[in-house]
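Below is input-v7.tsv, holding TSV, C-alpha atoms.
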chain	number	residue	atom	x	y	z
Y	1	GLN	CA	46.83	18.40	-47.95
Y	2	MET	CA	46.98	15.86	-45.17
Y	3	TRP	CA	43.88	13.73	-44.85
Y	4	THR	CA	42.20	13.51	-41.43
Y	5	SER	CA	39.42	11.21	-40.52
Y	6	PRO	CA	35.97	12.60	-39.72
Y	7	LEU	CA	36.39	11.26	-36.19
Y	8	THR	CA	39.57	13.31	-35.73
Y	9	ARG	CA	37.89	16.47	-37.03
Y	10	VAL	CA	34.92	15.98	-34.70
Y	11	SER	CA	37.27	15.47	-31.75
Y	12	ALA	CA	39.15	18.69	-32.60
Y	13	GLN	CA	35.91	20.66	-32.82
Y	14	ARG	CA	34.77	19.30	-29.48
Y	15	TRP	CA	38.10	20.25	-27.92
Y	16	ARG	CA	37.85	23.82	-29.27
Y	17	SER	CA	34.25	24.10	-28.01
Y	18	ARG	CA	35.27	22.91	-24.56
Y	19	ALA	CA	38.23	25.28	-24.49
Y	20	LEU	CA	35.98	28.18	-25.44
Y	21	ALA	CA	33.46	27.19	-22.78
Y	22	CYS	CA	36.24	27.06	-20.19
Y	23	THR	CA	37.44	30.51	-21.26
Y	24	ILE	CA	33.93	31.98	-20.98
Y	25	SER	CA	33.40	30.31	-17.61
Y	26	ALA	CA	36.69	31.68	-16.31
Y	27	ALA	CA	35.78	35.16	-17.50
Y	28	ARG	CA	32.41	34.96	-15.76
Y	29	THR	CA	34.07	33.73	-12.60
Y	30	ARG	CA	36.51	36.66	-12.65
Y	31	ALA	CA	33.64	39.10	-13.22
Y	32	LEU	CA	31.64	37.66	-10.35
Y	33	ALA	CA	34.66	37.70	-8.09
Y	34	SER	CA	35.34	41.32	-9.01
Y	35	SER	CA	31.72	42.24	-8.32
Y	36	ALA	CA	31.72	40.44	-4.99
Y	37	THR	CA	34.86	42.18	-3.80
Y	38	SER	CA	34.08	45.64	-5.19
Y	39	ALA	CA	33.20	48.34	-2.66
Y	40	CYS	CA	29.58	49.19	-1.96
Y	41	THR	CA	28.50	52.62	-3.16
Y	42	PHE	CA	25.81	54.24	-1.06
Y	43	ILE	CA	23.57	56.59	-3.05
Y	44	ASP	CA	22.62	59.49	-0.80
Y	45	MET	CA	20.64	62.73	-1.00
Y	46	VAL	CA	21.56	65.46	1.46
Y	47	HIS	CA	18.06	66.19	2.83
Y	48	SER	CA	16.62	62.66	2.71
Y	49	ASN	CA	15.67	61.49	6.18
Y	50	ASN	CA	15.55	57.87	5.02
Y	51	ALA	CA	19.03	58.08	3.51
Y	52	ALA	CA	20.32	59.97	6.56
Y	53	ARG	CA	19.93	56.92	8.80
Y	54	ILE	CA	22.58	55.18	6.69
Y	55	ARG	CA	24.73	58.31	6.70
Y	56	LEU	CA	24.63	58.22	10.51
Y	57	TRP	CA	25.48	54.50	10.58
Y	58	LEU	CA	28.51	55.09	8.37
Y	59	ALA	CA	29.64	58.07	10.46
Y	60	PHE	CA	29.57	56.06	13.69
Y	61	LYS	CA	30.83	52.81	12.17
Y	62	ARG	CA	34.00	54.39	10.71
Y	63	LEU	CA	34.84	51.54	8.36
Y	64	PRO	CA	38.23	51.34	6.61
Y	65	ALA	CA	38.60	53.71	3.68
Y	66	GLY	CA	36.93	52.39	0.56
Y	67	ALA	CA	34.76	49.77	2.26
Y	68	VAL	CA	31.64	51.80	1.48
Y	69	THR	CA	31.81	54.88	-0.72
Y	70	THR	CA	29.13	57.56	-0.88
Y	71	ARG	CA	27.71	59.34	-3.91
Y	72	THR	CA	25.36	62.23	-3.22
Y	73	ILE	CA	22.83	62.92	-5.94
Y	74	THR	CA	20.03	65.41	-6.69
Y	75	TYR	CA	16.43	65.10	-7.86
Y	76	ALA	CA	17.61	65.42	-11.48
Y	77	ASP	CA	19.73	62.29	-11.06
Y	78	LEU	CA	16.68	60.29	-9.97
Y	79	LYS	CA	15.18	60.80	-13.43
Y	80	ALA	CA	18.21	59.42	-15.28
Y	81	PRO	CA	17.55	56.11	-17.11
Y	82	ASP	CA	20.52	54.38	-15.49
Y	83	TYR	CA	19.24	55.21	-12.00
Y	84	ALA	CA	15.98	53.38	-12.72
Y	85	GLN	CA	18.04	50.25	-13.30
Y	86	LEU	CA	19.41	50.60	-9.77
Y	87	ASN	CA	16.15	51.60	-8.10
Y	88	PRO	CA	13.02	51.28	-10.27
Y	89	LEU	CA	11.13	53.41	-7.72
Y	90	ARG	CA	13.54	56.30	-8.43
Y	91	LYS	CA	14.09	57.07	-4.77
Y	92	VAL	CA	16.99	57.23	-2.36
Y	93	PRO	CA	18.74	55.59	-0.70
Y	94	ALA	CA	20.20	52.86	-2.86
Y	95	LEU	CA	23.23	50.60	-2.83
Y	96	THR	CA	25.17	49.49	-5.89
Y	97	SER	CA	26.92	46.32	-4.74
Y	98	PRO	CA	24.78	44.39	-4.18
Y	99	PRO	CA	22.03	46.40	-5.88
Y	100	LEU	CA	19.59	47.20	-3.08
Y	101	TYR	CA	17.02	49.85	-2.19
Y	102	GLU	CA	14.72	50.61	0.75
Y	103	SER	CA	16.58	52.20	3.63
Y	104	ASN	CA	15.97	49.55	6.28
Y	105	VAL	CA	16.99	46.77	3.87
Y	106	ILE	CA	20.25	48.57	3.14
Y	107	LEU	CA	20.85	49.31	6.81
Y	108	GLY	CA	20.24	45.69	7.75
Y	109	PHE	CA	22.58	44.46	5.02
Y	110	LEU	CA	25.40	46.79	6.09
Y	111	GLU	CA	24.94	45.91	9.75
Y	112	ASP	CA	25.11	42.21	8.91
Y	113	LYS	CA	27.98	42.43	6.42
Y	114	PHE	CA	30.21	44.55	8.66
Y	115	LYS	CA	29.24	43.18	12.07
Y	116	GLY	CA	32.32	43.18	14.27
Y	117	ALA	CA	34.21	45.60	12.00
Y	118	GLY	CA	34.78	49.32	12.37
Y	119	ALA	CA	34.72	51.49	15.47
Y	120	VAL	CA	31.52	49.93	16.86
Y	121	PRO	CA	31.02	46.16	16.47
Y	122	SER	CA	27.22	46.36	16.23
Y	123	PHE	CA	24.32	48.78	16.51
Y	124	GLU	CA	21.86	46.08	17.45
Y	125	PRO	CA	20.86	45.38	21.08
Y	126	ASP	CA	22.25	42.40	22.95
Y	127	THR	CA	19.06	40.47	23.70
Y	128	PRO	CA	16.35	39.01	21.45
Y	129	GLU	CA	13.75	41.05	23.33
Y	130	ASP	CA	15.54	44.34	22.77
Y	131	ARG	CA	16.29	43.51	19.14
Y	132	ALA	CA	12.60	42.84	18.54
Y	133	TYR	CA	11.70	46.10	20.28
Y	134	MET	CA	14.21	47.98	18.11
Y	135	GLN	CA	12.58	46.53	15.00
Y	136	LEU	CA	9.16	47.58	16.30
Y	137	LEU	CA	10.40	51.16	16.65
Y	138	ILE	CA	11.77	51.12	13.12
Y	139	ARG	CA	8.66	49.45	11.72
Y	140	ARG	CA	6.31	52.05	13.17
Y	141	HIS	CA	8.46	54.82	11.77
Y	142	ASP	CA	8.70	53.31	8.31
Y	143	LEU	CA	5.08	52.20	7.95
Y	144	TYR	CA	3.22	55.10	9.53
Y	145	ILE	CA	5.47	58.12	8.91
Y	146	ALA	CA	8.09	57.68	6.22
Y	147	SER	CA	6.44	55.58	3.51
Y	148	PRO	CA	3.34	56.05	1.32
Y	149	ASN	CA	2.97	52.25	1.20
Y	150	ALA	CA	1.99	52.57	-2.46
Y	151	THR	CA	3.67	53.50	-5.73
Y	152	GLN	CA	0.55	54.87	-7.46
Y	153	PRO	CA	-0.08	58.59	-8.12
Y	154	GLY	CA	-1.98	60.36	-5.37
Y	155	PHE	CA	-0.41	58.44	-2.49
Y	156	ALA	CA	1.98	60.27	-0.18
Y	157	HIS	CA	3.70	59.37	3.06
Y	158	THR	CA	2.50	60.85	6.33
Y	159	GLN	CA	5.57	63.09	6.61
Y	160	GLY	CA	4.67	64.59	3.22
Y	161	ALA	CA	1.87	66.52	4.92
Y	162	MET	CA	4.54	68.90	6.20
Y	163	TYR	CA	6.00	69.93	2.83
Y	164	LEU	CA	3.97	68.66	-0.17
Y	165	ALA	CA	1.75	71.39	-1.62
Y	166	PRO	CA	-2.03	71.17	-2.19
Y	167	TYR	CA	-1.47	71.61	-5.93
Y	168	GLU	CA	1.32	71.45	-8.49
Y	169	THR	CA	4.21	73.83	-7.84
Y	170	LYS	CA	7.88	73.87	-8.78
Y	171	HIS	CA	8.47	71.99	-5.52
Y	172	CYS	CA	5.65	69.47	-5.86
Y	173	ALA	CA	4.62	67.27	-8.80
Y	174	PRO	CA	0.84	67.06	-9.36
Y	175	GLU	CA	0.70	63.37	-8.46
Y	176	ARG	CA	2.18	64.15	-5.04
Y	177	ALA	CA	-0.17	66.99	-4.06
Y	178	ILE	CA	-2.15	66.55	-0.83
Y	179	ASP	CA	-5.72	67.76	-0.28
Y	180	LYS	CA	-6.96	69.29	2.97
Y	181	PRO	CA	-8.70	66.25	4.50
Y	182	SER	CA	-5.68	64.05	3.78
Y	183	ARG	CA	-3.23	66.60	5.18
Y	184	ALA	CA	-5.24	67.03	8.36
Y	185	ALA	CA	-5.46	63.25	8.81
Y	186	LYS	CA	-1.71	62.85	8.26
Y	187	LEU	CA	-0.97	65.52	10.87
Y	188	ARG	CA	-3.16	63.66	13.32
Y	189	GLU	CA	-1.20	60.50	12.49
Y	190	LEU	CA	2.09	62.31	13.13
Y	191	TRP	CA	0.86	63.37	16.54
Y	192	GLN	CA	-0.31	59.87	17.41
Y	193	GLN	CA	3.03	58.33	16.46
Y	194	LEU	CA	4.99	60.97	18.36
Y	195	SER	CA	2.77	60.47	21.41
Y	196	TRP	CA	3.45	56.74	21.25
Y	197	LEU	CA	7.20	57.34	20.97
Y	198	GLU	CA	7.07	59.75	23.91
Y	199	MET	CA	5.36	57.08	26.01
Y	200	GLN	CA	8.03	54.51	25.09
Y	201	LEU	CA	10.86	56.85	26.04
Y	202	ALA	CA	9.20	57.83	29.31
Y	203	GLU	CA	8.92	54.19	30.36
Y	204	ARG	CA	12.56	53.34	29.67
Y	205	GLU	CA	15.87	54.54	31.05
Y	206	GLY	CA	19.18	54.95	29.32
Y	207	GLY	CA	18.72	58.05	27.17
Y	208	TYR	CA	18.38	56.22	23.86
Y	209	LEU	CA	15.35	54.70	22.18
Y	210	VAL	CA	16.23	51.18	23.33
Y	211	ALA	CA	17.10	50.80	27.01
Y	212	GLY	CA	20.67	50.03	27.98
Y	213	GLY	CA	22.57	53.19	27.13
Y	214	LYS	CA	23.49	52.03	23.62
Y	215	LEU	CA	22.86	53.67	20.26
Y	216	THR	CA	20.92	51.41	17.93
Y	217	LEU	CA	19.52	51.45	14.42
Y	218	ALA	CA	16.30	52.86	15.88
Y	219	ASP	CA	18.06	56.09	16.92
Y	220	PHE	CA	19.54	56.43	13.44
Y	221	THR	CA	16.09	55.92	11.93
Y	222	TRP	CA	14.01	58.31	14.01
Y	223	PHE	CA	16.40	61.23	14.48
Y	224	PRO	CA	16.50	62.56	10.86
Y	225	THR	CA	12.71	62.47	10.63
Y	226	CYS	CA	12.48	64.36	13.90
Y	227	VAL	CA	14.65	67.05	12.29
Y	228	PHE	CA	11.96	67.42	9.61
Y	229	MET	CA	9.31	67.82	12.31
Y	230	ASP	CA	11.49	70.14	14.40
Y	231	PHE	CA	11.84	72.48	11.42
Y	232	MET	CA	8.39	72.32	9.85
Y	233	LEU	CA	5.74	71.72	12.48
Y	234	PRO	CA	6.22	75.02	14.37
Y	235	ARG	CA	6.78	77.09	11.21
Y	236	VAL	CA	4.02	75.72	9.03
Y	237	PHE	CA	1.38	74.54	11.50
Y	238	GLN	CA	2.16	76.51	14.67
Y	239	TRP	CA	2.85	73.42	16.78
Y	240	PRO	CA	4.75	74.00	20.04
Y	241	ASP	CA	8.50	73.41	20.17
Y	242	LEU	CA	8.39	69.65	20.68
Y	243	PHE	CA	12.11	68.97	20.51
Y	244	ASN	CA	13.51	71.63	22.86
Y	245	PRO	CA	13.65	70.51	26.52
Y	246	ASN	CA	14.07	74.17	27.58
Y	247	ALA	CA	11.21	75.54	25.52
Y	248	THR	CA	8.58	77.91	26.90
Y	249	PRO	CA	5.89	76.73	27.06
Y	250	THR	CA	7.22	73.31	28.02
Y	251	SER	CA	7.33	70.65	25.32
Y	252	PRO	CA	4.35	68.27	25.51
Y	253	CYS	CA	6.89	65.52	24.72
Y	254	PRO	CA	9.60	66.04	27.38
Y	255	SER	CA	11.21	62.60	27.05
Y	256	LEU	CA	11.37	62.94	23.26
Y	257	ALA	CA	12.87	66.41	23.60
Y	258	ALA	CA	15.50	65.14	26.06
Y	259	TRP	CA	16.47	62.28	23.71
Y	260	TYR	CA	16.74	64.58	20.71
Y	261	GLU	CA	18.78	67.18	22.59
Y	262	ARG	CA	21.10	64.55	24.06
Y	263	LEU	CA	21.94	63.11	20.65
Y	264	ARG	CA	22.77	66.59	19.37
Y	265	ARG	CA	24.81	67.52	22.45
Y	266	GLU	CA	26.81	64.32	22.90
Y	267	HIS	CA	27.39	63.21	19.29
Y	268	VAL	CA	28.70	65.57	16.64
Y	269	GLU	CA	27.53	63.08	13.99
Y	270	PHE	CA	23.89	63.74	14.82
Y	271	GLU	CA	24.39	67.49	14.91
Y	272	HIS	CA	26.12	67.38	11.52
Y	273	VAL	CA	23.25	65.45	9.92
Y	274	ARG	CA	20.76	67.82	11.52
Y	275	SER	CA	22.58	70.80	10.01
Y	276	GLN	CA	22.59	69.21	6.56
Y	277	ILE	CA	18.84	68.59	6.62
Y	278	TRP	CA	17.98	71.86	8.38
Y	279	ASP	CA	19.98	74.01	5.96
Y	280	PHE	CA	18.28	72.39	2.97
Y	281	TRP	CA	14.84	73.28	4.32
Y	282	VAL	CA	15.92	76.82	5.17
Y	283	VAL	CA	16.57	77.36	1.47
Y	284	LYS	CA	13.24	75.79	0.52
Y	285	GLU	CA	11.43	78.03	2.99
Y	286	GLN	CA	13.09	81.07	1.42
Y	287	GLU	CA	11.96	79.83	-2.00
Y	288	GLY	CA	8.35	79.73	-0.78
Y	289	GLN	CA	7.79	75.98	-0.70
Y	290	PHE	CA	5.64	76.13	2.43
Y	291	ALA	CA	3.53	79.18	1.49
Y	292	PRO	CA	0.67	77.24	-0.18
Y	293	ILE	CA	0.44	74.94	2.85
Y	294	VAL	CA	0.42	77.86	5.33
Y	295	GLU	CA	-2.40	79.44	3.32
Y	296	GLU	CA	-4.36	76.21	3.53
Y	297	THR	CA	-4.09	76.11	7.33
Y	298	LEU	CA	-6.26	79.24	7.53
Y	299	ASP	CA	-9.24	76.94	7.00
Y	300	ALA	CA	-10.55	76.54	10.55
Y	301	LYS	CA	-12.71	73.53	9.63
Y	302	TYR	CA	-9.65	71.32	10.07
Y	303	LYS	CA	-7.32	70.74	13.00
Y	304	TRP	CA	-3.77	71.64	12.03
Y	305	ARG	CA	-2.11	72.23	15.41
Y	306	TYR	CA	-1.40	69.57	18.02
Y	307	PRO	CA	-1.77	68.80	20.83
Would you mind writing the file's structure down as structure tokens?
Amino acid sequence: QMWTSPLTRVSAQRWRSRALACTISAARTRALASSATSACTFIDMVHSNNAARIRLWLAFKRLPAGAVTTRTITYADLKAPDYAQLNPLRKVPALTSPPLYESNVILGFLEDKFKGAGAVPSFEPDTPEDRAYMQLLIRRHDLYIASPNATQPGFAHTQGAMYLAPYETKHCAPERAIDKPSRAAKLRELWQQLSWLEMQLAEREGGYLVAGGKLTLADFTWFPTCVFMDFMLPRVFQWPDLFNPNATPTSPCPSLAAWYERLRREHVEFEHVRSQIWDFWVVKEQEGQFAPIVEETLDAKYKWRYP
């Protein structure tokens, strides 16, 4: 056997270690490159108003095939262990690449990543003032209507007053149930936010939420939630028809009704999303989801109907 000096053996070991390190580094680089270039997958749920804003953005943006794929899931999928790795809050929407959750975060990322691409270069207004106003519209929606602002049991978003039961049912987990005082307060909050939005629309021209005749992220955000209210508020709480400009009696929110009707009339994308959400709640109504809430509204000590 040929003799080699200790120095030679050490040098050979160092060379093999460096070669292995280079191989591992190259593999990691390839993996990162693959991840960076892989298509985003948008995790959707057909009736989710928060996910629907992204669905609308994708429909209008019309990106090249494969740029963003969509996977529609159900409540059962939210409970899967692998979904918790993607969104520890077990909610929709979510994005897989990069891993993101919270609807406005995802929407902002997509708008930024694909600015200038697709059928519409951007859904943000042209001026700093209008962009700030758009964010105000979105912020008021997200904070005061669409989010519980807490992850603990017993906290529910304002919109939940329309469809979460007063006790555990097959449609409502016990930690999401809403008592009478809380439901009445949330309905009052809904009316206050809608009244504010009506005032904003009445003061501006252009037909969309932000002046200038251009669809923005604010329209995508508010419209699906208005579909919830359009379906539930008259049926469950006997509110007037807020979103029909031809209603009798006249809508107390005429500018809001005109905006809502215009989006449905002029853009098939909005009407399609409305149908998806509406049809889901039709089934839930037939299954009796709203019956416990309707029974609760017989208590005349609370105000359920606005204005």
With only C-alpha atoms as the atoms that count, which of Y:Arg53, Y:Gly66, Y:Lys301, Y:Leu217 lies nearest to Ala132 in chain Y? Y:Leu217
Taking only C-alpha atoms into account, which of Y:Lys61, Y:Arg204, Y:Lys91, Y:Lys79 comes nearest Ile43 in chain Y? Y:Lys91
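Shortest separation to Leu190 in chain Y among Y:Gln289, Y:Thr297, Y:Ser122, Y:Thr225 occurs at residue Y:Thr225, atoms counted being all atoms listed in the file.
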Residues near Asn246 in chain Y, anyone? I mean within 10 Å using all atoms listed in the file, not counting same-chain ones fewer than 5 positions away, as a PDB file with C-alpha atoms, in the coordinates of the input.
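So part.pdb came out as:
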ATOM      1  CA  ASP Y 241       8.500  73.410  20.170  1.00  0.00           C
ATOM      2  CA  SER Y 251       7.330  70.650  25.320  1.00  0.00           C
ATOM      3  CA  PRO Y 254       9.600  66.040  27.380  1.00  0.00           C
ATOM      4  CA  ALA Y 257      12.870  66.410  23.600  1.00  0.00           C
ATOM      5  CA  ALA Y 258      15.500  65.140  26.060  1.00  0.00           C
ATOM      6  CA  GLU Y 261      18.780  67.180  22.590  1.00  0.00           C
TER       7      GLU Y 261
END
Neighbours of Phe114 in chain Y within 10 Å (only C-alpha atoms; same-chain residues fewer than 4 positions away dropped), as a ChimeraX atom specification? /Y:61,63,67,109-110,118,120-122
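Closest approach to Glu168 in chain Y among Y:Glu285, Y:Arg235, Y:Val68, Y:Gly154: Y:Gly154, based on all atoms listed in the file.
Restricting the calculation to all atoms listed in the file, the smallest distance between Leu233 in chain Y and any of Y:Lys186, Y:Arg305, Y:Lys214, Y:His171 is found for Y:Arg305.
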From Y:Ile293, Y:Val273, Y:Val236, Y:Ala117, residue lying nearest Thr169 in chain Y [all atoms listed in the file]: Y:Ile293
For a cut-off of 7 Å around (19.7, 56.0, 0.9), file coordinates, pick out all residues using all atoms listed in the file and list them as an NGL selection string. :Y and (42-44 or 50-52 or 54 or 92-94 or 103)
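Residues in contact with Pro181 in chain Y at up to 12 Å, not including ones fewer than 4 positions away on its chain and judged by all atoms listed in the file, are Ala161, Pro166, Ala185, Lys186, Leu187, Arg188, Glu296, Thr297, Asp299, Lys301, Tyr302, Lys303 and Trp304 of chain Y.
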Fix up range 247-258 of chain Y with all heavy atoms, then write it as a PDB file, in the coordinates of the input.
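Wrote it out as part19.pdb, contents follow:
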ATOM      1  N   ALA Y 247      12.164  74.658  26.189  1.00  0.00           N
ATOM      2  CA  ALA Y 247      11.210  75.540  25.520  1.00  0.00           C
ATOM      3  C   ALA Y 247      10.193  76.107  26.513  1.00  0.00           C
ATOM      4  O   ALA Y 247       9.891  75.509  27.543  1.00  0.00           O
ATOM      5  CB  ALA Y 247      10.488  74.787  24.418  1.00  0.00           C
ATOM      6  N   THR Y 248       9.683  77.287  26.165  1.00  0.00           N
ATOM      7  CA  THR Y 248       8.580  77.910  26.900  1.00  0.00           C
ATOM      8  C   THR Y 248       7.493  78.249  25.890  1.00  0.00           C
ATOM      9  O   THR Y 248       7.743  79.028  24.973  1.00  0.00           O
ATOM     10  CB  THR Y 248       9.037  79.185  27.626  1.00  0.00           C
ATOM     11  OG1 THR Y 248      10.130  78.874  28.495  1.00  0.00           O
ATOM     12  CG2 THR Y 248       7.903  79.776  28.430  1.00  0.00           C
ATOM     13  N   PRO Y 249       6.301  77.686  26.019  1.00  0.00           N
ATOM     14  CA  PRO Y 249       5.890  76.730  27.060  1.00  0.00           C
ATOM     15  C   PRO Y 249       6.603  75.387  26.925  1.00  0.00           C
ATOM     16  O   PRO Y 249       7.192  75.089  25.889  1.00  0.00           O
ATOM     17  CB  PRO Y 249       4.385  76.578  26.790  1.00  0.00           C
ATOM     18  CG  PRO Y 249       4.236  76.882  25.335  1.00  0.00           C
ATOM     19  CD  PRO Y 249       5.235  77.941  25.040  1.00  0.00           C
ATOM     20  N   THR Y 250       6.517  74.587  27.969  1.00  0.00           N
ATOM     21  CA  THR Y 250       7.220  73.310  28.020  1.00  0.00           C
ATOM     22  C   THR Y 250       6.740  72.381  26.920  1.00  0.00           C
ATOM     23  O   THR Y 250       5.546  72.331  26.587  1.00  0.00           O
ATOM     24  CB  THR Y 250       6.985  72.649  29.391  1.00  0.00           C
ATOM     25  OG1 THR Y 250       7.410  73.547  30.409  1.00  0.00           O
ATOM     26  CG2 THR Y 250       7.762  71.357  29.506  1.00  0.00           C
ATOM     27  N   SER Y 251       7.672  71.619  26.359  1.00  0.00           N
ATOM     28  CA  SER Y 251       7.330  70.650  25.320  1.00  0.00           C
ATOM     29  C   SER Y 251       6.321  69.635  25.858  1.00  0.00           C
ATOM     30  O   SER Y 251       6.491  69.115  26.964  1.00  0.00           O
ATOM     31  CB  SER Y 251       8.576  69.914  24.842  1.00  0.00           C
ATOM     32  OG  SER Y 251       8.225  68.809  24.038  1.00  0.00           O
ATOM     33  N   PRO Y 252       5.273  69.320  25.085  1.00  0.00           N
ATOM     34  CA  PRO Y 252       4.350  68.270  25.510  1.00  0.00           C
ATOM     35  C   PRO Y 252       4.963  66.872  25.394  1.00  0.00           C
ATOM     36  O   PRO Y 252       4.341  65.898  25.805  1.00  0.00           O
ATOM     37  CB  PRO Y 252       3.176  68.428  24.532  1.00  0.00           C
ATOM     38  CG  PRO Y 252       3.778  69.064  23.328  1.00  0.00           C
ATOM     39  CD  PRO Y 252       4.878  69.955  23.827  1.00  0.00           C
ATOM     40  N   CYS Y 253       6.182  66.801  24.846  1.00  0.00           N
ATOM     41  CA  CYS Y 253       6.890  65.520  24.720  1.00  0.00           C
ATOM     42  C   CYS Y 253       8.272  65.651  25.382  1.00  0.00           C
ATOM     43  O   CYS Y 253       9.304  65.663  24.698  1.00  0.00           O
ATOM     44  CB  CYS Y 253       7.039  65.135  23.253  1.00  0.00           C
ATOM     45  SG  CYS Y 253       5.492  64.941  22.366  1.00  0.00           S
ATOM     46  N   PRO Y 254       8.328  65.763  26.705  1.00  0.00           N
ATOM     47  CA  PRO Y 254       9.600  66.040  27.380  1.00  0.00           C
ATOM     48  C   PRO Y 254      10.642  64.940  27.210  1.00  0.00           C
ATOM     49  O   PRO Y 254      11.833  65.235  27.089  1.00  0.00           O
ATOM     50  CB  PRO Y 254       9.206  66.210  28.849  1.00  0.00           C
ATOM     51  CG  PRO Y 254       7.891  65.500  28.977  1.00  0.00           C
ATOM     52  CD  PRO Y 254       7.206  65.674  27.665  1.00  0.00           C
ATOM     53  N   SER Y 255      10.244  63.691  27.214  1.00  0.00           N
ATOM     54  CA  SER Y 255      11.210  62.600  27.050  1.00  0.00           C
ATOM     55  C   SER Y 255      11.775  62.591  25.635  1.00  0.00           C
ATOM     56  O   SER Y 255      12.975  62.357  25.427  1.00  0.00           O
ATOM     57  CB  SER Y 255      10.560  61.252  27.364  1.00  0.00           C
ATOM     58  OG  SER Y 255      10.101  61.208  28.694  1.00  0.00           O
ATOM     59  N   LEU Y 256      10.922  62.852  24.649  1.00  0.00           N
ATOM     60  CA  LEU Y 256      11.370  62.940  23.260  1.00  0.00           C
ATOM     61  C   LEU Y 256      12.325  64.112  23.082  1.00  0.00           C
ATOM     62  O   LEU Y 256      13.368  63.990  22.419  1.00  0.00           O
ATOM     63  CB  LEU Y 256      10.152  63.099  22.347  1.00  0.00           C
ATOM     64  CG  LEU Y 256      10.408  63.179  20.847  1.00  0.00           C
ATOM     65  CD1 LEU Y 256      11.040  61.899  20.331  1.00  0.00           C
ATOM     66  CD2 LEU Y 256       9.094  63.465  20.111  1.00  0.00           C
ATOM     67  N   ALA Y 257      11.999  65.245  23.689  1.00  0.00           N
ATOM     68  CA  ALA Y 257      12.870  66.410  23.600  1.00  0.00           C
ATOM     69  C   ALA Y 257      14.229  66.146  24.235  1.00  0.00           C
ATOM     70  O   ALA Y 257      15.271  66.549  23.700  1.00  0.00           O
ATOM     71  CB  ALA Y 257      12.194  67.618  24.263  1.00  0.00           C
ATOM     72  N   ALA Y 258      14.242  65.450  25.373  1.00  0.00           N
ATOM     73  CA  ALA Y 258      15.500  65.140  26.060  1.00  0.00           C
ATOM     74  C   ALA Y 258      16.358  64.201  25.216  1.00  0.00           C
ATOM     75  O   ALA Y 258      17.585  64.353  25.133  1.00  0.00           O
ATOM     76  CB  ALA Y 258      15.213  64.540  27.425  1.00  0.00           C
TER      77      ALA Y 258
END
